[in-house]
file input.cif (mmCIF, C-alpha atoms and all ligand atoms)
data_coords
#
loop_
_atom_site.label_atom_id
_atom_site.label_comp_id
_atom_site.auth_asym_id
_atom_site.auth_seq_id
_atom_site.Cartn_x
_atom_site.Cartn_y
_atom_site.Cartn_z
CA MET A 184 -7.57 203.34 13.09
CA LYS A 185 -9.47 203.79 16.39
CA ILE A 186 -7.28 206.16 18.41
CA ILE A 187 -7.65 206.68 22.16
CA VAL A 188 -5.61 209.09 24.29
CA GLN A 189 -4.83 207.81 27.79
CA LYS A 190 -3.38 210.39 30.18
CA PHE A 191 -1.87 209.34 33.50
CA GLY A 192 -1.34 211.88 36.28
CA GLY A 193 1.64 212.21 38.61
CA THR A 194 0.42 209.78 41.26
CA SER A 195 -0.59 207.22 38.61
CA VAL A 196 3.03 206.85 37.46
CA SER A 197 4.71 207.32 40.85
CA THR A 198 5.38 203.71 41.93
CA PRO A 199 6.16 200.40 40.18
CA GLU A 200 2.80 199.02 41.33
CA ARG A 201 0.91 201.97 39.86
CA ARG A 202 2.95 201.90 36.66
CA LYS A 203 1.85 198.26 36.33
CA SER A 204 -1.77 199.43 36.51
CA VAL A 205 -0.99 201.91 33.74
CA VAL A 206 0.25 199.01 31.60
CA ASP A 207 -2.97 197.10 32.35
CA LYS A 208 -5.13 200.04 31.23
CA VAL A 209 -3.13 200.40 28.01
CA LYS A 210 -3.22 196.62 27.34
CA LYS A 211 -6.98 196.65 27.83
CA ALA A 212 -7.37 199.47 25.29
CA ILE A 213 -5.22 197.55 22.78
CA SER A 214 -7.24 194.36 23.33
CA GLU A 215 -10.39 196.36 22.55
CA GLY A 216 -8.94 197.34 19.19
CA TYR A 217 -7.73 200.84 20.08
CA SER A 218 -4.41 202.41 19.14
CA PRO A 219 -3.48 204.23 22.35
CA VAL A 220 -1.48 207.43 22.68
CA VAL A 221 -0.20 207.70 26.25
CA VAL A 222 0.38 211.10 27.90
CA VAL A 223 2.17 211.26 31.25
CA SER A 224 2.75 213.81 34.02
CA ALA A 225 5.90 214.09 36.13
CA MET A 226 6.15 211.30 38.71
CA GLY A 227 4.77 211.91 42.20
CA ARG A 228 3.96 214.96 44.26
CA LYS A 229 6.02 217.67 45.95
CA GLY A 230 8.91 216.14 47.88
CA GLU A 231 9.24 213.19 45.56
CA ALA A 232 12.42 213.31 43.48
CA TYR A 233 11.14 214.13 40.01
CA ALA A 234 7.87 215.93 40.79
CA THR A 235 7.42 219.37 39.20
CA ASP A 236 7.38 221.18 42.55
CA THR A 237 10.54 219.40 43.67
CA LEU A 238 12.33 220.48 40.49
CA LEU A 239 11.11 224.05 40.93
CA SER A 240 12.39 224.09 44.51
CA LEU A 241 15.92 223.83 43.11
CA LEU A 242 15.61 227.41 41.87
CA SER A 243 15.54 230.65 43.86
CA SER A 244 12.27 232.60 43.63
CA ASP A 245 13.87 235.64 42.01
CA PHE A 246 15.57 233.57 39.36
CA LYS A 247 12.34 231.66 38.68
CA ASP A 248 10.32 234.85 38.26
CA GLU A 249 12.83 236.56 36.03
CA ASN A 250 13.84 233.51 33.97
CA LYS A 251 10.59 231.81 33.02
CA GLN A 252 12.23 230.25 29.99
CA ALA A 253 14.84 228.55 32.19
CA ALA A 254 12.20 227.43 34.70
CA ASP A 255 10.19 225.89 31.88
CA LEU A 256 13.25 224.00 30.66
CA LEU A 257 13.74 222.58 34.15
CA MET A 258 10.07 221.70 34.65
CA CYS A 259 9.98 219.88 31.32
CA CYS A 260 12.55 217.42 32.72
CA GLY A 261 9.94 215.91 35.08
CA GLU A 262 7.68 214.76 32.27
CA ILE A 263 10.65 213.70 30.11
CA ILE A 264 11.88 211.38 32.87
CA SER A 265 8.38 210.04 33.35
CA SER A 266 7.86 209.26 29.65
CA VAL A 267 11.16 207.39 29.33
CA VAL A 268 10.63 205.43 32.57
CA MET A 269 7.10 204.55 31.46
CA SER A 270 8.41 203.46 28.04
CA ASN A 271 10.82 201.15 29.87
CA VAL A 272 7.91 199.62 31.80
CA PHE A 273 6.03 199.08 28.53
CA TYR A 274 9.14 197.42 27.08
CA GLU A 275 9.29 195.02 30.06
CA ASN A 276 5.67 194.17 29.32
CA ASN A 277 6.19 193.52 25.61
CA ILE A 278 4.62 196.72 24.37
CA ALA A 279 6.72 198.68 21.89
CA ALA A 280 6.62 202.30 23.05
CA VAL A 281 8.30 205.50 21.86
CA PRO A 282 8.88 208.35 24.35
CA LEU A 283 8.36 211.81 22.85
CA THR A 284 8.66 215.38 24.11
CA GLY A 285 5.65 217.64 23.61
CA GLY A 286 7.42 219.26 20.67
CA GLN A 287 8.23 215.92 19.05
CA ALA A 288 4.58 215.00 19.47
CA GLY A 289 3.74 218.10 17.44
CA ILE A 290 2.57 220.63 20.04
CA LEU A 291 3.67 224.06 18.79
CA THR A 292 3.08 226.96 21.21
CA ASP A 293 3.61 230.69 21.56
CA ASP A 294 6.52 231.89 23.72
CA ASN A 295 4.47 232.82 26.79
CA PHE A 296 6.74 230.73 29.05
CA SER A 297 5.06 229.07 32.07
CA ASP A 298 1.61 229.47 30.52
CA ALA A 299 2.10 228.91 26.81
CA LYS A 300 -0.81 228.58 24.43
CA SER A 301 -0.96 225.93 21.75
CA LEU A 302 -0.86 227.36 18.22
CA ASN A 303 -0.99 224.12 16.29
CA VAL A 304 -0.70 220.36 16.79
CA SER A 305 0.90 218.51 13.93
CA THR A 306 0.09 214.82 13.98
CA LYS A 307 2.62 213.46 11.50
CA ILE A 308 5.10 211.88 13.95
CA LEU A 309 2.34 210.48 16.16
CA MET A 310 0.57 208.96 13.16
CA ASP A 311 3.82 207.41 11.90
CA ILE A 312 4.42 205.75 15.27
CA LEU A 313 0.82 204.58 15.56
CA SER A 314 0.86 203.12 12.07
CA GLN A 315 3.90 201.01 13.05
CA GLY A 316 1.75 199.56 15.84
CA LYS A 317 3.80 201.30 18.56
CA VAL A 318 2.57 203.34 21.52
CA PRO A 319 3.73 206.98 21.68
CA VAL A 320 4.40 208.02 25.29
CA VAL A 321 4.14 211.79 25.22
CA THR A 322 5.35 214.15 27.93
CA GLY A 323 2.37 216.14 29.19
CA PHE A 324 2.45 219.80 30.16
CA GLN A 325 4.82 220.96 27.42
CA GLY A 326 5.24 222.21 23.91
CA VAL A 327 7.85 223.94 21.81
CA THR A 328 8.05 227.38 20.19
CA GLN A 329 8.67 227.95 16.52
CA ASP A 330 12.32 228.65 17.49
CA GLY A 331 12.72 225.39 19.40
CA PHE A 332 12.41 226.63 22.99
CA LEU A 333 10.61 224.27 25.36
CA THR A 334 7.50 225.76 26.99
CA THR A 335 5.03 224.63 29.64
CA LEU A 336 1.26 224.98 29.34
CA GLY A 337 0.43 226.12 32.89
CA ARG A 338 0.41 224.04 36.09
CA GLY A 339 -1.72 220.94 35.77
CA GLY A 340 -1.26 221.20 32.00
CA SER A 341 -0.80 217.51 31.20
CA ASP A 342 -4.58 217.23 30.90
CA THR A 343 -4.39 220.01 28.33
CA SER A 344 -1.72 218.13 26.35
CA ALA A 345 -3.94 215.04 26.27
CA ALA A 346 -6.95 217.04 25.09
CA LEU A 347 -4.96 218.92 22.43
CA ILE A 348 -3.56 215.67 21.06
CA GLY A 349 -6.94 213.93 21.25
CA ALA A 350 -8.61 216.74 19.33
CA ALA A 351 -5.83 216.88 16.70
CA LEU A 352 -5.96 213.11 16.14
CA LYS A 353 -9.78 213.11 16.23
CA ALA A 354 -9.53 210.40 18.87
CA GLU A 355 -12.55 208.29 19.85
CA ALA A 356 -12.03 209.45 23.45
CA ILE A 357 -9.56 211.03 25.85
CA GLU A 358 -9.22 209.14 29.12
CA ILE A 359 -7.85 211.10 32.09
CA TYR A 360 -6.58 208.65 34.73
CA THR A 361 -6.26 210.03 38.24
CA ASP A 362 -6.56 208.99 41.89
CA VAL A 363 -10.33 209.53 42.27
CA ASP A 364 -13.23 207.72 40.59
CA GLY A 365 -14.52 210.78 38.71
CA ILE A 366 -16.60 213.90 39.31
CA MET A 367 -19.01 213.63 42.24
CA THR A 368 -22.43 215.21 42.87
CA ALA A 369 -20.83 216.98 45.86
CA ASP A 370 -17.59 216.90 47.80
CA PRO A 371 -17.67 213.50 49.59
CA ARG A 372 -15.95 215.09 52.60
CA ILE A 373 -19.06 217.26 52.99
CA VAL A 374 -21.82 214.93 51.83
CA GLU A 375 -21.45 211.33 52.91
CA GLU A 376 -23.87 210.01 50.29
CA ALA A 377 -22.30 212.01 47.41
CA ALA A 378 -22.49 209.93 44.25
CA LEU A 379 -20.35 209.57 41.17
CA ILE A 380 -21.71 211.49 38.17
CA ASP A 381 -21.95 209.06 35.24
CA ILE A 382 -22.34 211.59 32.44
CA ILE A 383 -22.00 215.36 32.48
CA SER A 384 -21.69 218.06 29.80
CA TYR A 385 -18.55 220.11 29.17
CA ASN A 386 -20.48 223.23 30.20
CA GLU A 387 -21.64 221.74 33.48
CA VAL A 388 -18.03 220.87 34.33
CA PHE A 389 -17.07 224.54 33.84
CA GLN A 390 -19.90 225.56 36.16
CA LEU A 391 -18.76 223.08 38.80
CA ALA A 392 -15.37 224.74 38.43
CA GLU A 393 -14.30 224.48 42.06
CA GLN A 394 -14.72 220.74 42.20
CA GLY A 395 -14.63 219.92 38.48
CA ALA A 396 -11.39 221.85 38.03
CA LYS A 397 -9.65 219.87 40.74
CA VAL A 398 -10.32 216.68 38.83
CA ILE A 399 -9.56 218.04 35.35
CA HIS A 400 -7.95 221.22 34.04
CA PRO A 401 -10.55 223.60 32.54
CA LYS A 402 -8.28 224.24 29.52
CA ALA A 403 -8.43 220.52 28.76
CA VAL A 404 -12.22 220.60 28.89
CA GLU A 405 -12.16 223.57 26.52
CA ALA A 406 -9.84 221.83 24.04
CA ALA A 407 -11.89 218.61 24.11
CA MET A 408 -15.09 220.61 23.68
CA ARG A 409 -13.69 222.44 20.65
CA GLY A 410 -12.90 219.08 19.01
CA ASN A 411 -16.11 217.51 20.40
CA ILE A 412 -14.10 214.56 21.74
CA PRO A 413 -15.55 212.74 24.77
CA LEU A 414 -13.44 213.00 27.93
CA ILE A 415 -13.55 210.22 30.49
CA ILE A 416 -12.22 210.67 34.02
CA LYS A 417 -11.09 207.34 35.49
CA ASN A 418 -9.25 205.95 38.50
CA THR A 419 -5.92 204.26 37.66
CA MET A 420 -6.25 201.96 40.66
CA SER A 421 -9.84 200.75 40.15
CA ASP A 422 -12.16 199.48 37.44
CA CYS A 423 -14.80 202.08 38.19
CA LYS A 424 -16.36 203.27 34.94
CA GLY A 425 -15.69 206.93 35.81
CA THR A 426 -17.35 210.12 34.57
CA LEU A 427 -18.01 210.73 30.89
CA ILE A 428 -17.88 214.40 29.84
CA ASN A 429 -19.43 215.23 26.47
CA ASN A 430 -21.42 217.84 24.61
CA VAL A 431 -24.91 216.88 25.70
CA GLY A 432 -24.47 215.51 29.20
CA ASP A 433 -26.85 212.91 30.57
CA ILE A 434 -29.87 213.04 28.27
CA GLN A 435 -31.50 209.90 29.75
CA ASN A 436 -31.49 211.41 33.22
CA THR A 437 -34.44 213.50 34.34
CA ARG A 438 -32.71 214.97 37.37
CA ILE A 439 -32.73 218.75 37.24
CA ILE A 440 -29.56 219.22 39.26
CA THR A 441 -26.26 217.52 38.38
CA GLY A 442 -24.01 218.67 41.21
CA ILE A 443 -23.36 221.21 43.95
CA THR A 444 -20.10 222.96 44.83
CA HIS A 445 -19.13 225.94 46.91
CA LEU A 446 -16.49 228.63 47.15
CA SER A 447 -15.60 229.78 50.66
CA GLY A 448 -13.75 232.86 51.77
CA ARG A 449 -16.20 235.39 50.38
CA THR A 450 -17.12 238.77 51.87
CA GLN A 451 -20.38 240.51 50.98
CA VAL A 452 -20.25 244.29 50.57
CA SER A 453 -23.36 246.57 50.51
CA ILE A 454 -23.29 250.29 49.77
CA LYS A 455 -26.49 252.36 50.03
CA SER A 456 -26.92 255.56 48.00
CA GLU A 457 -28.70 257.32 50.88
CA ASP A 458 -25.61 256.80 53.10
CA ASN A 459 -23.39 258.37 50.45
CA GLN A 460 -25.38 261.38 49.22
CA GLY A 461 -23.20 264.12 47.80
CA ASN A 462 -20.21 261.75 47.42
CA ASN A 463 -19.26 261.84 43.72
CA HIS A 464 -17.22 258.66 44.05
CA TYR A 465 -20.41 256.64 44.65
CA LYS A 466 -21.34 256.32 41.00
CA GLU A 467 -17.79 255.38 39.95
CA LEU A 468 -17.32 252.72 42.62
CA LEU A 469 -17.10 249.72 40.30
CA ASP A 470 -14.46 251.47 38.17
CA ILE A 471 -12.47 252.43 41.25
CA LEU A 472 -12.46 248.83 42.49
CA ALA A 473 -11.56 247.49 39.05
CA ASN A 474 -8.64 249.93 38.80
CA ASN A 475 -7.43 248.59 42.13
CA ASN A 476 -7.58 245.02 40.86
CA ILE A 477 -10.37 243.93 43.16
CA SER A 478 -12.56 241.48 41.31
CA LEU A 479 -16.23 241.40 42.17
CA ASP A 480 -18.73 238.61 42.02
CA LEU A 481 -22.52 238.33 42.48
CA ILE A 482 -22.90 241.98 41.49
CA ASN A 483 -26.42 243.38 42.06
CA ILE A 484 -27.02 247.03 41.21
CA PHE A 485 -30.30 248.61 42.41
CA PRO A 486 -31.39 252.26 42.18
CA LYS A 487 -30.71 252.68 45.90
CA GLU A 488 -28.00 250.12 46.63
CA LYS A 489 -25.03 248.20 45.22
CA ILE A 490 -24.26 244.73 46.55
CA PHE A 491 -21.42 242.40 45.56
CA THR A 492 -18.94 239.91 46.97
CA ILE A 493 -15.15 239.94 47.03
CA ASP A 494 -12.54 237.47 48.13
CA ASP A 495 -11.78 237.73 51.87
CA SER A 496 -8.14 238.49 50.98
CA MET A 497 -9.28 241.74 49.30
CA LYS A 498 -11.22 243.02 52.32
CA ASN A 499 -8.43 245.18 53.79
CA ARG A 500 -7.63 246.74 50.45
CA LEU A 501 -11.31 247.57 49.86
CA GLU A 502 -11.75 249.06 53.33
CA LYS A 503 -8.71 251.28 52.86
CA ILE A 504 -10.01 252.56 49.50
CA PHE A 505 -13.48 253.23 50.92
CA LYS A 506 -11.95 255.09 53.85
CA ASP A 507 -9.82 257.23 51.54
CA ILE A 508 -12.81 258.27 49.43
CA ASN A 509 -15.17 258.42 52.40
CA ILE A 510 -17.67 255.75 51.24
CA LYS A 511 -20.06 254.35 53.86
CA TYR A 512 -20.73 250.61 53.53
CA THR A 513 -21.52 247.43 55.44
CA ILE A 514 -19.85 244.06 55.08
CA ILE A 515 -20.59 240.46 56.05
CA GLU A 516 -17.49 238.32 56.33
CA ASN A 517 -17.04 234.53 56.24
CA CYS A 518 -19.52 233.82 53.50
CA SER A 519 -19.59 230.98 50.98
CA ASN A 520 -21.09 230.92 47.52
CA LEU A 521 -22.96 227.71 46.66
CA ALA A 522 -23.16 226.78 42.98
CA ILE A 523 -26.11 224.51 42.19
CA VAL A 524 -25.54 223.25 38.65
CA GLY A 525 -27.71 221.40 36.16
CA SER A 526 -28.23 221.93 32.43
CA ARG A 527 -31.80 220.63 32.67
CA MET A 528 -32.95 223.51 34.88
CA THR A 529 -33.24 225.69 31.76
CA GLY A 530 -36.87 226.71 31.33
CA ILE A 531 -38.08 224.70 34.34
CA PRO A 532 -40.04 226.93 36.71
CA GLY A 533 -39.66 226.72 40.47
CA VAL A 534 -36.03 225.56 40.84
CA MET A 535 -34.97 228.69 42.70
CA ALA A 536 -38.14 228.51 44.81
CA LYS A 537 -37.36 224.91 45.75
CA ILE A 538 -33.80 225.82 46.76
CA ILE A 539 -34.87 228.81 48.85
CA LYS A 540 -37.61 226.78 50.57
CA ALA A 541 -35.26 223.91 51.40
CA LEU A 542 -32.67 226.29 52.83
CA SER A 543 -35.18 228.31 54.85
CA ASP A 544 -36.81 225.12 56.20
CA SER A 545 -33.34 224.27 57.53
CA ASN A 546 -32.97 227.78 59.03
CA ILE A 547 -30.23 228.73 56.62
CA GLU A 548 -30.17 232.42 55.81
CA VAL A 549 -29.65 233.23 52.11
CA LEU A 550 -27.75 236.50 51.79
CA GLN A 551 -27.89 236.84 48.02
CA THR A 552 -28.69 234.82 44.90
CA ALA A 553 -27.93 234.86 41.18
CA ASP A 554 -28.83 232.56 38.34
CA SER A 555 -27.91 231.68 34.77
CA HIS A 556 -29.42 229.09 32.43
CA MET A 557 -27.65 226.20 34.19
CA THR A 558 -26.49 227.46 37.58
CA ILE A 559 -28.06 229.00 40.67
CA TRP A 560 -25.71 230.64 43.15
CA CYS A 561 -26.65 231.25 46.79
CA LEU A 562 -24.48 233.21 49.19
CA ILE A 563 -24.70 231.89 52.75
CA HIS A 564 -22.72 232.06 55.98
CA THR A 565 -19.79 229.62 55.82
CA ASP A 566 -20.91 228.00 59.10
CA ASN A 567 -23.95 226.71 57.21
CA VAL A 568 -22.16 225.17 54.23
CA GLN A 569 -22.21 221.57 55.41
CA LYS A 570 -25.87 221.70 56.37
CA ALA A 571 -26.89 223.59 53.21
CA ILE A 572 -25.18 221.26 50.74
CA ASN A 573 -26.53 218.18 52.52
CA THR A 574 -30.04 219.66 52.52
CA LEU A 575 -29.93 220.49 48.81
CA HIS A 576 -28.34 217.16 47.95
CA ARG A 577 -31.32 215.44 49.61
CA THR A 578 -33.92 217.84 48.20
CA PHE A 579 -32.79 217.17 44.64
CA GLU A 580 -32.21 213.44 45.29
CA LEU A 581 -28.65 213.47 44.02
CA SER A 582 -27.44 210.27 45.69
N1 LIG A 601 3.60 218.14 36.24
C1 LIG A 601 2.85 219.32 35.91
C2 LIG A 601 2.37 220.01 37.18
O1 LIG A 601 2.61 219.53 38.27
C3 LIG A 601 1.73 219.06 34.98
C4 LIG A 601 0.64 218.13 35.47
O2 LIG A 601 0.83 217.39 36.44
O3 LIG A 601 -0.43 218.10 34.83
O4 LIG A 601 1.76 221.05 37.10
MG MG A 602 -3.81 217.26 37.25
#
call {"tool": "encode", "arguments": {"input": "input.cif", "output": "structure tokens"}}
result
Amino acid sequence: MKIIVQKFGGTSVSTPERRKSVVDKVKKAISEGYSPVVVVSAMGRKGEAYATDTLLSLLSSDFKDENKQAADLLMCCGEIISSVVMSNVFYENNIAAVPLTGGQAGILTDDNFSDAKSLNVSTKILMDILSQGKVPVVTGFQGVTQDGFLTTLGRGGSDTSAALIGAALKAEAIEIYTDVDGIMTADPRIVEEAALIDIISYNEVFQLAEQGAKVIHPKAVEAAMRGNIPLIIKNTMSDCKGTLINNVGDIQNTRIITGITHLSGRTQVSIKSEDNQGNNHYKELLDILANNNISLDLINIFPKEKIFTIDDSMKNRLEKIFKDINIKYTIIENCSNLAIVGSRMTGIPGVMAKIIKALSDSNIEVLQTADSHMTIWCLIHTDNVQKAINTLHRTFELS
């Protein structure tokens, strides 16, 4: 049996017209000889009757925080409604479908309500339904504990359900249907000629987290990667071939860079040892910040200076701590961290040099850099983000 998992997000199942497109995608898979397992999210977005956020808005914040188990039970209703409604649409289109909760589909989790972790996926019920030639329509986003309590897998977790089921069934592929064509070389609102990425590796998607994670949940990428099952991001409302995510990425392609993203709202902090002589707190600074829950990024430690970035929202907290322990420092606010990602940059000399040259030719000041085997990060002033990403997109011929 050739199994394929087809997951449809909230907007994909939100209207009769879109639900018809879902049927078309499933019919196409069947006509190609696949046995599909459908996974659905709750219908629509906040404000629409059965969307997860709408359901949550029925509860008071205190109750929600203190009764995660109850909130999970309520949230699970969104996907349950969606799976039964979608099964009805399949029925109208002569496809025999069986709606199932996450637990019925075999997803067993721990009892960490609101962010439960899958412990095991048992495939027996799914396999029985598939072998009768029927289509299981599984509620995304949820599982069940050993004791029978319904859990949710973290917001956006329907992708995770699809990946867990795909890996357990050793599916040929997991298709994630959404309202965009796939993962792009850059944010199309920033770069007009941004192009669709045809093939990308699991690891590159993690590196493109900002943009990649908006299109697919990182936990889903992790689960698919563990089972080595190809993930395909597709648009429910078009026939675009989408983005294939697999282990190796695009081996035919010789392009060094796959995509560029950025994270705004960063503040750079520099602390010089000569400004803080005799202050015993200087050498414990990183511990002090960690104990105050301030997470640091782009950390560079030199004999005479420490430089790192923090989220803008942490700036006041950091300044108060530094004042209390009398640390002298300088900061640059309104920075953005560019992530220039490509698995083929490993071992290729001159990539950083090319980036720095392109940015300096465009008069863009680089405040700090860091690199790993497949990513180069450059901290720049946020005002320059648009220009910088466009420049690099052209330099590396990404369109
Ligand atoms: N409906 C859930 C949420 O809004 C799960 C999902 O859409 O993936 O978080
Ligand atoms: Mg989603």
call {"tool": "atom_distance", "arguments": {"input": "input.cif", "atom1": "CA of Ile559 in chain A", "atom2": "CA of Gln394 in chain A"}}
result
15.8 Å
call {"tool": "closest_atom_pairs", "arguments": {"input": "input.cif", "of": "chain A", "to": "ligand MG 602 (chain A)", "cutoff": "7 Å", "atoms": "only C-alpha atoms and all ligand atoms", "output": "Markdown table"}}
result
| residue | atom | partner | partner_atom | distance |
| --- | --- | --- | --- | --- |
| A:Gly192 | CA | A:MG602 | MG | 6.0 |
| A:Gly339 | CA | A:MG602 | MG | 4.5 |
| A:Ser341 | CA | A:MG602 | MG | 6.8 |
| A:Asp342 | CA | A:MG602 | MG | 6.4 |
| A:Val398 | CA | A:MG602 | MG | 6.7 |
| A:Ile399 | CA | A:MG602 | MG | 6.1 |
| A:His400 | CA | A:MG602 | MG | 6.6 |
call {"tool": "residues_around", "arguments": {"input": "input.cif", "residues": "Ile504 in chain A", "least_positions_apart": "6", "cutoff": "10 Å", "atoms": "all atoms listed in the file", "output": "list in words"}}
result
Ile471, Leu472, Asn475 and Ile510 of chain A
call {"tool": "closest_atom_pairs", "arguments": {"input": "input.cif", "of": "chain A", "to": "ligand LIG 601 (chain A)", "cutoff": "7 Å", "atoms": "all atoms listed in the file", "output": "CSV"}}
result
residue,atom,partner,partner_atom,distance
A:Gly192,CA,A:LIG601,O2,5.9
A:Gly193,CA,A:LIG601,O2,5.7
A:Ser224,CA,A:LIG601,O2,4.7
A:Ala225,CA,A:LIG601,N1,4.7
A:Ala234,CA,A:LIG601,N1,6.6
A:Thr235,CA,A:LIG601,O1,4.9
A:Asp236,CA,A:LIG601,O1,6.6
A:Gly261,CA,A:LIG601,N1,6.8
A:Glu262,CA,A:LIG601,N1,6.6
A:Gly323,CA,A:LIG601,C3,6.5
A:Phe324,CA,A:LIG601,C3,4.9
A:Gly337,CA,A:LIG601,O4,6.7
A:Arg338,CA,A:LIG601,O4,3.4
A:Gly339,CA,A:LIG601,O3,3.3
A:Gly340,CA,A:LIG601,O3,4.3
A:Ser341,CA,A:LIG601,O3,3.7
A:Asp342,CA,A:LIG601,O3,5.8
call {"tool": "residues_around", "arguments": {"input": "input.cif", "residues": "Asn386 in chain A", "least_positions_apart": "3", "cutoff": "10 Å", "atoms": "only C-alpha atoms", "output": "list in words"}}
result
Ile383, Phe389, Gln390, Leu391, Ala392, Val404, Glu405, Met408, Ile428, Asn429, Asn430, Val431, Gly432, Val524, Gly525, Ser526 and Met557 of chain A
call {"tool": "atom_distance", "arguments": {"input": "input.cif", "atom1": "CA of Thr444 in chain A", "atom2": "CA of Glu358 in chain A"}}
result
23.6 Å
call {"tool": "atom_distance", "arguments": {"input": "input.cif", "atom1": "CA of Met310 in chain A", "atom2": "CA of Ala406 in chain A"}}
result
19.8 Å
call {"tool": "closest_residue", "arguments": {"input": "input.cif", "among": "A:Ser204, A:Thr334, A:Asn476, A:Gln287", "to": "Asp255 in chain A", "atoms": "all atoms listed in the file"}}
result
A:Thr334
call {"tool": "residues_near_point", "arguments": {"input": "input.cif", "point": "(-15.9, 235.8, 47.0)", "cutoff": "8 Å", "atoms": "all atoms listed in the file", "output": "JSON, numbers by chain"}}
result
{"A": [446, 447, 448, 449, 450, 451, 479, 480, 492, 493, 494, 495, 518, 519, 520]}
call {"tool": "residues_around", "arguments": {"input": "input.cif", "residues": "Met367 in chain A", "least_positions_apart": "3", "cutoff": "10 Å", "atoms": "only C-alpha atoms", "output": "PyMOL selection string"}}
result
chain A and resi 363-364+370-371+377-381+394-395+398+425-426+441-444+581-582
call {"tool": "closest_residue", "arguments": {"input": "input.cif", "among": "A:Val304, A:Leu291, A:Ala354, A:Met226", "to": "Ile412 in chain A", "atoms": "only C-alpha atoms"}}
result
A:Ala354
call {"tool": "closest_residue", "arguments": {"input": "input.cif", "among": "A:Lys506, A:Arg372, A:Lys247, A:Lys455", "to": "Pro486 in chain A", "atoms": "all atoms listed in the file"}}
result
A:Lys455
call {"tool": "residues_around", "arguments": {"input": "input.cif", "residues": "Asn303 in chain A", "least_positions_apart": "2", "cutoff": "9 Å", "atoms": "only C-alpha atoms", "output": "PDB file with C-alpha atoms, keeping the file's coordinate frame"}}
result
ATOM      1  CA  GLY A 289       3.740 218.100  17.440  1.00  0.00           C
ATOM      2  CA  ILE A 290       2.570 220.630  20.040  1.00  0.00           C
ATOM      3  CA  LEU A 291       3.670 224.060  18.790  1.00  0.00           C
ATOM      4  CA  THR A 292       3.080 226.960  21.210  1.00  0.00           C
ATOM      5  CA  SER A 301      -0.960 225.930  21.750  1.00  0.00           C
ATOM      6  CA  SER A 305       0.900 218.510  13.930  1.00  0.00           C
ATOM      7  CA  LEU A 347      -4.960 218.920  22.430  1.00  0.00           C
ATOM      8  CA  ALA A 351      -5.830 216.880  16.700  1.00  0.00           C
TER       9      ALA A 351
END
call {"tool": "closest_residue", "arguments": {"input": "input.cif", "among": "A:Ile186, A:Phe296, A:Ala541, A:Val206", "to": "Asn250 in chain A", "atoms": "only C-alpha atoms"}}
result
A:Phe296
call {"tool": "residues_around", "arguments": {"input": "input.cif", "residues": "Ser197 in chain A", "least_positions_apart": "3", "cutoff": "12 Å", "atoms": "only C-alpha atoms", "output": "ChimeraX atom specification"}}
result
/A:191-194,200-205,223-229,231-234,261-262,264-266,268-269,361-362,419
call {"tool": "residues_near_point", "arguments": {"input": "input.cif", "point": "(-22.6, 244.0, 44.5)", "cutoff": "10 Å", "atoms": "all atoms listed in the file", "output": "list of chain:residue names"}}
result
A:Gln451, A:Val452, A:Ser453, A:Ile454, A:Leu469, A:Leu479, A:Asp480, A:Leu481, A:Ile482, A:Asn483, A:Ile484, A:Phe485, A:Glu488, A:Lys489, A:Ile490, A:Phe491, A:Thr492, A:Ile493, A:Gln551
call {"tool": "closest_residue", "arguments": {"input": "input.cif", "among": "A:Glu548, A:His445, A:Ile187, A:Asp298", "to": "Leu414 in chain A", "atoms": "all atoms listed in the file"}}
result
A:Ile187
call {"tool": "closest_residue", "arguments": {"input": "input.cif", "among": "A:Lys208, A:Ile308, A:Asp293, A:Ala369", "to": "Glu393 in chain A", "atoms": "all atoms listed in the file"}}
result
A:Ala369
